[in-house]
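Peer 1: This is the content of coords-v9.csv (CSV, C-alpha atoms):
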chain,number,residue,atom,x,y,z
A,1,MET,CA,121.2,120.3,-93.1
A,2,THR,CA,121.6,122.2,-96.4
A,3,GLN,CA,119.4,125.0,-97.7
A,4,SER,CA,118.7,125.6,-101.4
A,5,PRO,CA,120.1,128.8,-102.8
A,6,GLU,CA,117.6,128.6,-105.6
A,7,ILE,CA,113.9,127.9,-105.5
A,8,ARG,CA,112.3,126.5,-108.6
A,9,PRO,CA,108.6,126.1,-109.2
A,10,PHE,CA,107.1,122.7,-108.3
A,11,ARG,CA,106.7,120.2,-111.1
A,12,PHE,CA,105.2,116.7,-110.8
A,13,GLY,CA,105.6,113.6,-113.0
A,14,VAL,CA,104.1,110.1,-113.1
A,15,LEU,CA,106.1,106.9,-113.6
A,16,ALA,CA,103.9,104.4,-115.4
A,17,GLY,CA,104.9,101.2,-117.0
A,18,ARG,CA,101.9,99.7,-118.6
A,19,ALA,CA,98.1,99.6,-118.9
A,20,ALA,CA,95.4,97.0,-119.8
A,21,ASP,CA,95.6,97.9,-123.5
A,22,VAL,CA,96.5,100.8,-125.8
A,23,ALA,CA,93.2,102.6,-125.4
A,24,GLN,CA,93.6,102.7,-121.6
A,25,TRP,CA,97.2,103.8,-121.9
A,26,GLU,CA,96.2,106.7,-124.1
A,27,GLU,CA,93.3,107.7,-121.9
A,28,LEU,CA,95.6,107.6,-118.8
A,29,SER,CA,98.1,109.8,-120.6
A,30,ARG,CA,95.5,112.4,-121.4
A,31,ARG,CA,94.2,112.2,-117.8
A,32,ARG,CA,97.6,113.0,-116.3
A,33,GLU,CA,98.0,115.9,-118.7
A,34,GLU,CA,94.5,117.2,-117.6
A,35,GLN,CA,95.4,116.8,-114.0
A,36,GLY,CA,98.4,119.1,-114.4
A,37,TYR,CA,101.2,116.6,-114.2
A,38,GLY,CA,104.3,118.0,-116.0
A,39,SER,CA,105.6,114.6,-117.3
A,40,LEU,CA,104.7,111.1,-118.0
A,41,LEU,CA,107.7,108.8,-117.6
A,42,VAL,CA,108.2,105.1,-118.3
A,43,PRO,CA,110.8,102.8,-116.6
A,44,ASP,CA,113.1,100.5,-118.5
A,45,HIS,CA,113.0,97.0,-117.0
A,46,LEU,CA,112.8,93.6,-118.6
A,47,ASN,CA,109.7,92.3,-116.6
A,48,ARG,CA,106.1,93.2,-117.1
A,49,GLU,CA,106.4,96.8,-118.2
A,50,TRP,CA,105.9,97.8,-121.8
A,51,GLY,CA,108.7,98.8,-124.1
A,52,PRO,CA,109.5,102.4,-123.0
A,53,LEU,CA,110.0,104.0,-126.4
A,54,VAL,CA,106.9,102.6,-128.0
A,55,ALA,CA,104.8,103.4,-124.9
A,56,LEU,CA,106.1,107.0,-124.9
A,57,THR,CA,105.3,107.4,-128.6
A,58,LEU,CA,101.7,106.3,-127.9
A,59,ALA,CA,101.5,108.7,-125.0
A,60,ALA,CA,103.0,111.6,-127.1
A,61,ARG,CA,100.4,111.0,-129.8
A,62,ALA,CA,97.6,111.1,-127.3
A,63,THR,CA,98.6,114.3,-125.6
A,64,ARG,CA,99.7,117.9,-126.5
A,65,THR,CA,101.7,119.5,-123.7
A,66,ILE,CA,102.9,116.9,-121.1
A,67,ALA,CA,106.6,116.0,-121.3
A,68,VAL,CA,107.4,112.4,-122.0
A,69,GLY,CA,110.5,110.3,-121.5
A,70,PRO,CA,112.2,107.2,-120.1
A,71,LEU,CA,113.3,107.1,-116.5
A,72,MET,CA,115.9,105.6,-116.9
A,73,LEU,CA,117.2,103.8,-119.9
A,74,GLY,CA,119.9,101.3,-119.0
A,75,ALA,CA,123.0,102.4,-120.8
A,76,ALA,CA,124.4,98.8,-120.9
A,77,LEU,CA,121.4,97.5,-122.7
A,78,ARG,CA,121.6,99.6,-125.9
A,79,GLN,CA,124.3,101.1,-128.1
A,80,PRO,CA,124.0,104.9,-128.0
A,81,SER,CA,124.1,105.4,-131.8
A,82,VAL,CA,121.3,102.9,-132.3
A,83,LEU,CA,119.3,104.4,-129.4
A,84,TYR,CA,119.7,107.8,-130.8
A,85,LYS,CA,117.6,106.9,-133.9
A,86,GLU,CA,114.7,105.8,-131.7
A,87,LEU,CA,114.9,108.8,-129.3
A,88,ALA,CA,115.3,111.3,-132.2
A,89,THR,CA,112.2,109.8,-133.9
A,90,LEU,CA,110.3,110.1,-130.6
A,91,GLY,CA,111.5,113.7,-130.5
A,92,LEU,CA,109.7,114.3,-133.8
A,93,VAL,CA,106.5,113.0,-132.3
A,94,ALA,CA,106.8,115.1,-129.2
A,95,PRO,CA,108.7,118.2,-130.3
A,96,GLY,CA,110.0,120.1,-127.3
A,97,ARG,CA,108.5,117.6,-124.8
A,98,LEU,CA,111.2,115.0,-124.5
A,99,GLU,CA,113.0,114.2,-121.2
A,100,ILE,CA,115.6,111.6,-121.8
A,101,GLY,CA,116.8,109.7,-118.7
A,102,VAL,CA,119.9,107.5,-119.0
A,103,GLY,CA,121.2,105.5,-116.1
A,104,ALA,CA,123.8,102.9,-115.1
A,105,GLY,CA,121.3,100.2,-114.4
A,106,TRP,CA,120.9,98.6,-111.0
A,107,LEU,CA,118.5,95.6,-111.3
A,108,ALA,CA,120.5,92.4,-111.8
A,109,SER,CA,117.6,90.6,-113.5
A,110,ASP,CA,117.6,93.2,-116.3
A,111,PHE,CA,121.1,92.2,-117.2
A,112,SER,CA,120.6,88.5,-116.9
A,113,ARG,CA,117.4,88.6,-119.0
A,114,ALA,CA,119.2,90.7,-121.7
A,115,GLY,CA,122.2,88.3,-121.7
A,116,VAL,CA,124.5,91.2,-120.7
A,117,VAL,CA,127.2,90.9,-118.1
A,118,MET,CA,126.5,93.2,-115.2
A,119,ALA,CA,129.7,95.1,-114.7
A,120,SER,CA,130.9,96.7,-111.5
A,121,GLY,CA,129.1,99.8,-110.3
A,122,GLY,CA,132.0,102.1,-111.3
A,123,ASP,CA,132.2,100.6,-114.8
A,124,ARG,CA,128.4,100.9,-115.2
A,125,VAL,CA,128.6,104.6,-114.3
A,126,HIS,CA,131.4,105.1,-116.8
A,127,GLN,CA,129.4,103.4,-119.5
A,128,ALA,CA,126.4,105.7,-118.7
A,129,VAL,CA,128.6,108.8,-118.9
A,130,GLU,CA,130.1,107.8,-122.2
A,131,ALA,CA,126.6,106.8,-123.6
A,132,VAL,CA,125.2,110.2,-122.7
A,133,THR,CA,128.2,112.0,-124.1
A,134,VAL,CA,127.7,110.3,-127.5
A,135,LEU,CA,123.9,110.8,-127.4
A,136,ARG,CA,124.2,114.5,-126.6
A,137,ARG,CA,126.8,115.1,-129.2
A,138,LEU,CA,124.7,113.4,-131.8
A,139,TRP,CA,121.7,115.5,-130.7
A,140,GLU,CA,123.5,118.8,-130.7
A,141,GLU,CA,126.2,118.4,-133.3
A,142,GLY,CA,124.6,116.0,-135.8
A,143,SER,CA,127.6,113.6,-136.1
A,144,VAL,CA,130.2,112.1,-133.8
A,145,SER,CA,133.3,109.9,-133.7
A,146,PHE,CA,134.2,108.9,-130.2
A,147,GLU,CA,136.5,106.5,-128.6
A,148,GLY,CA,136.3,105.8,-124.9
A,149,ARG,CA,136.7,103.0,-122.4
A,150,THR,CA,133.2,101.5,-123.2
A,151,GLN,CA,132.1,103.2,-126.4
A,152,ARG,CA,133.8,103.3,-129.8
A,153,VAL,CA,131.8,105.2,-132.4
A,154,LEU,CA,133.0,106.1,-135.9
A,155,ASP,CA,131.2,108.6,-138.1
A,156,ALA,CA,127.8,108.2,-136.4
A,157,VAL,CA,125.1,110.2,-138.0
A,158,GLY,CA,122.6,112.2,-136.0
A,159,GLU,CA,119.5,111.8,-138.2
A,160,PRO,CA,116.7,112.5,-138.0
A,161,ARG,CA,117.2,116.0,-136.5
A,162,PRO,CA,114.8,116.5,-133.6
A,163,GLY,CA,114.2,119.7,-131.6
A,164,PRO,CA,115.7,120.3,-128.1
A,165,ALA,CA,115.5,117.7,-125.4
A,166,ARG,CA,116.2,117.7,-121.7
A,167,TRP,CA,118.5,115.1,-120.2
A,168,THR,CA,118.2,113.3,-116.9
A,169,MET,CA,120.8,111.4,-115.0
A,170,GLY,CA,121.1,110.5,-111.3
A,171,GLY,CA,121.3,107.9,-108.6
A,172,GLY,CA,122.6,107.6,-105.0
A,173,GLY,CA,126.4,107.5,-105.3
A,174,PRO,CA,128.9,110.3,-105.7
A,175,ARG,CA,130.3,109.3,-109.1
A,176,MET,CA,126.9,109.1,-110.7
A,177,LEU,CA,125.7,112.3,-109.2
A,178,ARG,CA,128.8,114.3,-110.0
A,179,ALA,CA,128.5,113.1,-113.6
A,180,ALA,CA,124.9,114.1,-113.6
A,181,ALA,CA,125.8,117.5,-112.4
A,182,GLU,CA,128.1,118.0,-115.3
A,183,LEU,CA,126.1,116.3,-118.1
A,184,ALA,CA,122.4,116.5,-117.3
A,185,ASP,CA,119.7,119.2,-117.2
A,186,ILE,CA,117.8,117.3,-114.5
A,187,VAL,CA,119.5,115.5,-111.6
A,188,SER,CA,117.5,112.7,-110.1
A,189,PHE,CA,118.3,111.8,-106.5
A,190,SER,CA,117.8,108.3,-105.1
A,191,ALA,CA,119.1,105.9,-102.6
A,192,ARG,CA,122.0,103.6,-103.3
A,193,LEU,CA,120.5,100.5,-105.0
A,194,SER,CA,123.6,98.4,-104.8
A,195,SER,CA,122.0,95.1,-103.8
A,196,GLY,CA,120.9,94.5,-107.4
A,197,SER,CA,117.4,93.5,-106.3
A,198,LYS,CA,114.1,95.0,-105.0
A,199,ASP,CA,114.6,94.7,-101.2
A,200,ASN,CA,115.0,97.0,-98.3
A,201,ARG,CA,118.8,96.9,-98.0
A,202,PHE,CA,118.8,100.5,-99.5
A,203,GLY,CA,117.2,101.7,-96.3
A,204,PRO,CA,120.2,103.4,-94.6
A,205,SER,CA,121.1,105.3,-97.8
A,206,ALA,CA,117.5,106.7,-97.8
A,207,LEU,CA,117.9,108.7,-94.6
A,208,ALA,CA,117.3,112.4,-94.9
A,209,ALA,CA,120.9,113.2,-93.9
A,210,GLU,CA,122.2,111.1,-96.9
A,211,PHE,CA,120.2,113.3,-99.2
A,212,ASP,CA,121.9,116.4,-97.7
A,213,ARG,CA,125.2,114.8,-98.7
A,214,ARG,CA,124.0,114.1,-102.2
A,215,VAL,CA,122.8,117.6,-102.8
A,216,ARG,CA,126.2,118.9,-101.6
A,217,TRP,CA,128.0,116.6,-104.1
A,218,VAL,CA,126.0,118.0,-107.0
A,219,ARG,CA,126.4,121.6,-105.9
A,220,GLN,CA,130.2,121.2,-105.4
A,221,ALA,CA,130.5,119.7,-108.9
A,222,ARG,CA,129.0,122.9,-110.4
A,223,PRO,CA,130.6,125.8,-108.4
A,224,GLY,CA,129.4,129.1,-109.5
A,225,ALA,CA,127.0,127.6,-112.0
A,226,ALA,CA,123.2,127.5,-111.9
A,227,ALA,CA,122.1,124.2,-110.5
A,228,PRO,CA,120.2,121.8,-112.7
A,229,GLU,CA,116.6,120.9,-111.9
A,230,PHE,CA,116.5,118.5,-108.9
A,231,GLN,CA,114.2,115.5,-109.2
A,232,CYS,CA,113.2,112.7,-106.8
A,233,LEU,CA,111.2,109.5,-107.7
A,234,LEU,CA,109.1,108.6,-104.7
A,235,PHE,CA,109.3,105.0,-103.7
A,236,ALA,CA,106.2,105.2,-101.5
A,237,ALA,CA,103.4,107.7,-101.5
A,238,SER,CA,100.0,107.9,-99.9
A,239,ILE,CA,97.3,110.4,-99.2
A,240,CYS,CA,96.0,109.1,-95.9
A,241,ALA,CA,94.5,110.2,-92.5
A,242,SER,CA,97.6,109.2,-90.5
A,243,SER,CA,101.2,109.4,-91.8
A,244,THR,CA,102.4,107.8,-88.6
A,245,ARG,CA,100.2,104.7,-89.1
A,246,TYR,CA,101.2,104.5,-92.8
A,247,ALA,CA,104.9,104.6,-91.7
A,248,GLU,CA,104.4,101.8,-89.2
A,249,ARG,CA,102.3,99.7,-91.5
A,250,VAL,CA,104.1,100.1,-94.8
A,251,LEU,CA,107.3,102.2,-94.7
A,252,THR,CA,109.1,100.3,-92.0
A,253,HIS,CA,109.0,97.1,-94.0
A,254,MET,CA,109.7,98.7,-97.3
A,255,PHE,CA,112.7,100.8,-96.1
A,256,GLY,CA,114.0,98.6,-93.2
A,257,LEU,CA,114.0,101.7,-91.0
A,258,PRO,CA,112.2,102.9,-87.9
A,259,PRO,CA,108.9,104.6,-88.8
A,260,ALA,CA,110.0,108.2,-88.1
A,261,GLU,CA,113.2,107.8,-90.1
A,262,ALA,CA,111.4,106.2,-93.1
A,263,LEU,CA,108.7,108.9,-93.1
A,264,ASP,CA,111.4,111.6,-93.0
A,265,SER,CA,113.1,110.2,-96.1
A,266,PRO,CA,112.6,112.1,-99.3
A,267,LEU,CA,111.7,108.8,-101.0
A,268,ALA,CA,108.5,108.6,-98.9
A,269,LEU,CA,105.6,111.0,-98.8
A,270,ALA,CA,102.4,110.4,-96.8
A,271,GLY,CA,99.7,112.3,-95.0
A,272,SER,CA,96.7,114.5,-95.7
A,273,VAL,CA,96.8,116.8,-98.7
A,274,ALA,CA,97.7,119.7,-96.5
A,275,GLU,CA,100.4,117.7,-94.7
A,276,VAL,CA,101.9,116.5,-97.9
A,277,CYS,CA,102.0,120.0,-99.4
A,278,GLU,CA,103.8,121.2,-96.2
A,279,ARG,CA,106.3,118.4,-96.4
A,280,LEU,CA,107.1,119.2,-100.1
A,281,GLU,CA,107.6,122.9,-99.2
A,282,GLU,CA,110.0,121.9,-96.5
A,283,ARG,CA,111.9,119.5,-98.7
A,284,ARG,CA,112.2,122.0,-101.5
A,285,GLN,CA,113.7,124.5,-99.0
A,286,ARG,CA,116.1,121.9,-97.6
A,287,TYR,CA,117.3,120.0,-100.7
A,288,GLY,CA,116.2,122.2,-103.6
A,289,ILE,CA,114.1,119.3,-105.0
A,290,SER,CA,111.2,120.8,-106.9
A,291,TYR,CA,110.4,118.0,-109.4
A,292,TRP,CA,108.6,115.0,-107.7
A,293,VAL,CA,107.7,111.8,-109.6
A,294,LEU,CA,104.9,109.7,-108.3
A,295,PRO,CA,104.1,106.0,-108.8
A,296,ALA,CA,101.3,105.6,-111.3
A,297,ALA,CA,99.0,104.0,-108.7
A,298,GLN,CA,99.0,107.2,-106.6
A,299,ALA,CA,98.5,109.7,-109.5
A,300,ASP,CA,94.8,110.2,-108.9
A,301,ALA,CA,95.1,110.5,-105.1
A,302,PHE,CA,97.8,113.2,-105.5
A,303,ALA,CA,96.0,115.2,-108.1
A,304,PRO,CA,94.9,117.8,-105.4
A,305,VAL,CA,98.5,118.2,-104.4
A,306,VAL,CA,99.5,118.8,-108.0
A,307,GLU,CA,96.6,121.3,-108.4
A,308,ARG,CA,97.8,123.3,-105.3
A,309,LEU,CA,101.5,123.3,-106.0
A,310,ALA,CA,102.4,122.8,-109.7
A,311,GLY,CA,104.0,125.9,-111.1
A,312,LYS,CA,104.2,127.6,-107.7
Represent the structure contained in this file as C-alpha cells.

Peer 2:
Amino acid sequence: MTQSPEIRPFRFGVLAGRAADVAQWEELSRRREEQGYGSLLVPDHLNREWGPLVALTLAARATRTIAVGPLMLGAALRQPSVLYKELATLGLVAPGRLEIGVGAGWLASDFSRAGVVMASGGDRVHQAVEAVTVLRRLWEEGSVSFEGRTQRVLDAVGEPRPGPARWTMGGGGPRMLRAAAELADIVSFSARLSSGSKDNRFGPSALAAEFDRRVRWVRQARPGAAAPEFQCLLFAASICASSTRYAERVLTHMFGLPPAEALDSPLALAGSVAEVCERLEERRQRYGISYWVLPAAQADAFAPVVERLAGK
C-alpha cells in the first residue's frame, strides 16, 4: 500500500454525454454548478453521446464557474492542428475553465465507425503523446512545426489565442501513465481496457493493489517534482443502504470480481453518504486521488457528498 505525500482538496466532476434536448442540457449544466461540482465533462464516443465540443460550448454558455472539458478525446480520430482550432475557440467561451482530456482510445467500435484503423496499444499511446505535444505547443507558443512517428505538422498556427487550460491524460498501463505524468496537469487513473469492448475483462486490473502500482509509476516518473492532480472516473457509484448488497447485486457482474474485491476497487463507490465520505478520505490518503468523476445518473444522489467534501 502506498501513502500520498501530498493531500489536495477534494474536487468532483460529472461525466455526461447527452440530454433530451438543448434546454435540458443547459439546465443540467447549471444544476451541477449549483450543486458544487467542479467540472462537467463529456466523453468522446461514436454512439449515442452528443458531439463533445459543441455540447461543452453549450454548457460553458449556460454556466459561469464550473470547469468544462472532454474526457477523453481520442487522439487517433482528429488531427491535432485541426482540433486546436475547436478547443481554442471553446477556450474563448469558457476562459480559465477548460480541462482538455486527450487519450489513446480504447473502444474498438469508435475506430470502426470512424473508418480509422485501430493500431496497437503502444502505437495509440505514442499517437496520444505526440498529439498532446503538438496541442500544448500551439497553446503555449502560438505556432509549431513538428515531425514525429505519427504526426507531421508544418508551420501550424495557434489561433485564436485562448487563456490557460489544464490538460488531462491517463489510463491503466505504465506507458500511458508515465506519459501523463510528464505531459499532463491532471492524471486520470483507470483499469486496463485492453479488450476493446465494454465487458468485465478489465476486472483483475481494477483491484486496489493495481492502483497502488499505478500511483507508483506516476510518482517515479516525476521524482522530486510536485505531483499532478490525481483523478479517477468511477465506473459504478451508488448511495445505498447496503454497500455489500450493491456489490453482490451489481459490482460482481460488472467487474467480474468477488463482491469484496469489487467494492474495494477505486472504480466503485457505494454506501451511505457517511460511508462514501469515509471511503473517499481513505482513498485520498492511500492513492492521493482527490478528483472524483461521477456518472451523470448518480450526480443528484451524490450531491450531499459533494457538499460535505468539495474543497476540503

Peer 1: So which residues touch Asp110 (chain A) within 8 Å, counting all atoms listed in the file, skipping near sequence neighbours fewer than 2 positions away, as a PDB file with C-alpha atoms, in the coordinates of the input?

Peer 2:
ATOM      1  CA  HIS A  45     113.000  97.000-117.000  1.00  0.00           C
ATOM      2  CA  LEU A  46     112.800  93.600-118.600  1.00  0.00           C
ATOM      3  CA  ASN A  47     109.700  92.300-116.600  1.00  0.00           C
ATOM      4  CA  LEU A 107     118.500  95.600-111.300  1.00  0.00           C
ATOM      5  CA  ALA A 108     120.500  92.400-111.800  1.00  0.00           C
ATOM      6  CA  SER A 112     120.600  88.500-116.900  1.00  0.00           C
ATOM      7  CA  ARG A 113     117.400  88.600-119.000  1.00  0.00           C
ATOM      8  CA  ALA A 114     119.200  90.700-121.700  1.00  0.00           C
TER       9      ALA A 114
END

Peer 1: Within 10 Å of Gln231 (chain A), counting all atoms listed in the file, which residues show up once you throw out same-chain ones fewer than 5 positions away? Write them as an mmCIF file with C-alpha atoms, in the frame of the given file, please.

Peer 2:
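Everything below was put into part.cif:
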data_model
loop_
_atom_site.group_PDB
_atom_site.id
_atom_site.type_symbol
_atom_site.label_atom_id
_atom_site.label_comp_id
_atom_site.auth_asym_id
_atom_site.auth_seq_id
_atom_site.Cartn_x
_atom_site.Cartn_y
_atom_site.Cartn_z
ATOM 1 C CA ARG A 11 106.700 120.200 -111.100
ATOM 2 C CA PHE A 12 105.200 116.700 -110.800
ATOM 3 C CA GLY A 13 105.600 113.600 -113.000
ATOM 4 C CA THR A 168 118.200 113.300 -116.900
ATOM 5 C CA MET A 169 120.800 111.400 -115.000
ATOM 6 C CA GLY A 170 121.100 110.500 -111.300
ATOM 7 C CA ILE A 186 117.800 117.300 -114.500
ATOM 8 C CA VAL A 187 119.500 115.500 -111.600
ATOM 9 C CA SER A 188 117.500 112.700 -110.100
ATOM 10 C CA PHE A 189 118.300 111.800 -106.500
ATOM 11 C CA SER A 190 117.800 108.300 -105.100
ATOM 12 C CA GLY A 288 116.200 122.200 -103.600
ATOM 13 C CA ILE A 289 114.100 119.300 -105.000
ATOM 14 C CA SER A 290 111.200 120.800 -106.900
ATOM 15 C CA TYR A 291 110.400 118.000 -109.400
ATOM 16 C CA TRP A 292 108.600 115.000 -107.700
ATOM 17 C CA VAL A 293 107.700 111.800 -109.600
#

Peer 1: Would you please work out which residue, of A:Gly122, A:Gly105, A:Gly158, A:Gly256, is nearest to Thr89 (chain A) when using all atoms listed in the file?

Peer 2: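 Answer, going by the shortest atom-to-atom distance: A:Gly158.
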
Peer 1: Could you please determine the separation between CA of Tyr287 (chain A) and CA of Leu269 (chain A) in Å, to one decimal place?

Peer 2: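 Distance between the two atoms: 14.9 Å.
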
Peer 1: Given all atoms listed in the file as the basis, pick out the residue of A:Leu207, A:Leu257, A:Ala247, A:Ala179 nearest to Arg222 (chain A).

Peer 2: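 Among A:Leu207, A:Leu257, A:Ala247, A:Ala179, it is A:Ala179 that comes nearest to Arg222 (chain A).
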
Peer 1: So, with only C-alpha atoms as the atoms that count, which of A:Ala88, A:Ala299, A:Met118, A:Val129 lies closest to Gly142 (chain A)?

Peer 2: A:Ala88

Peer 1: Taking 6 positions as the minimum chain separation for residues in the same chain, which residues sit within 12 Å of Phe211 (chain A) when counting all atoms listed in the file? Answer as a ChimeraX atom specification.

Peer 2: /A:1-3,171-174,177,188-192,204-205,217-218,230-232,264-267,283,286-289

Peer 1: Applying 10 Å and only C-alpha atoms, which residues near Pro160 (chain A) remain after dropping the ones on its own chain fewer than 5 positions away? List them as a ChimeraX atom specification.

Peer 2: /A:84-89,91-92,139,142
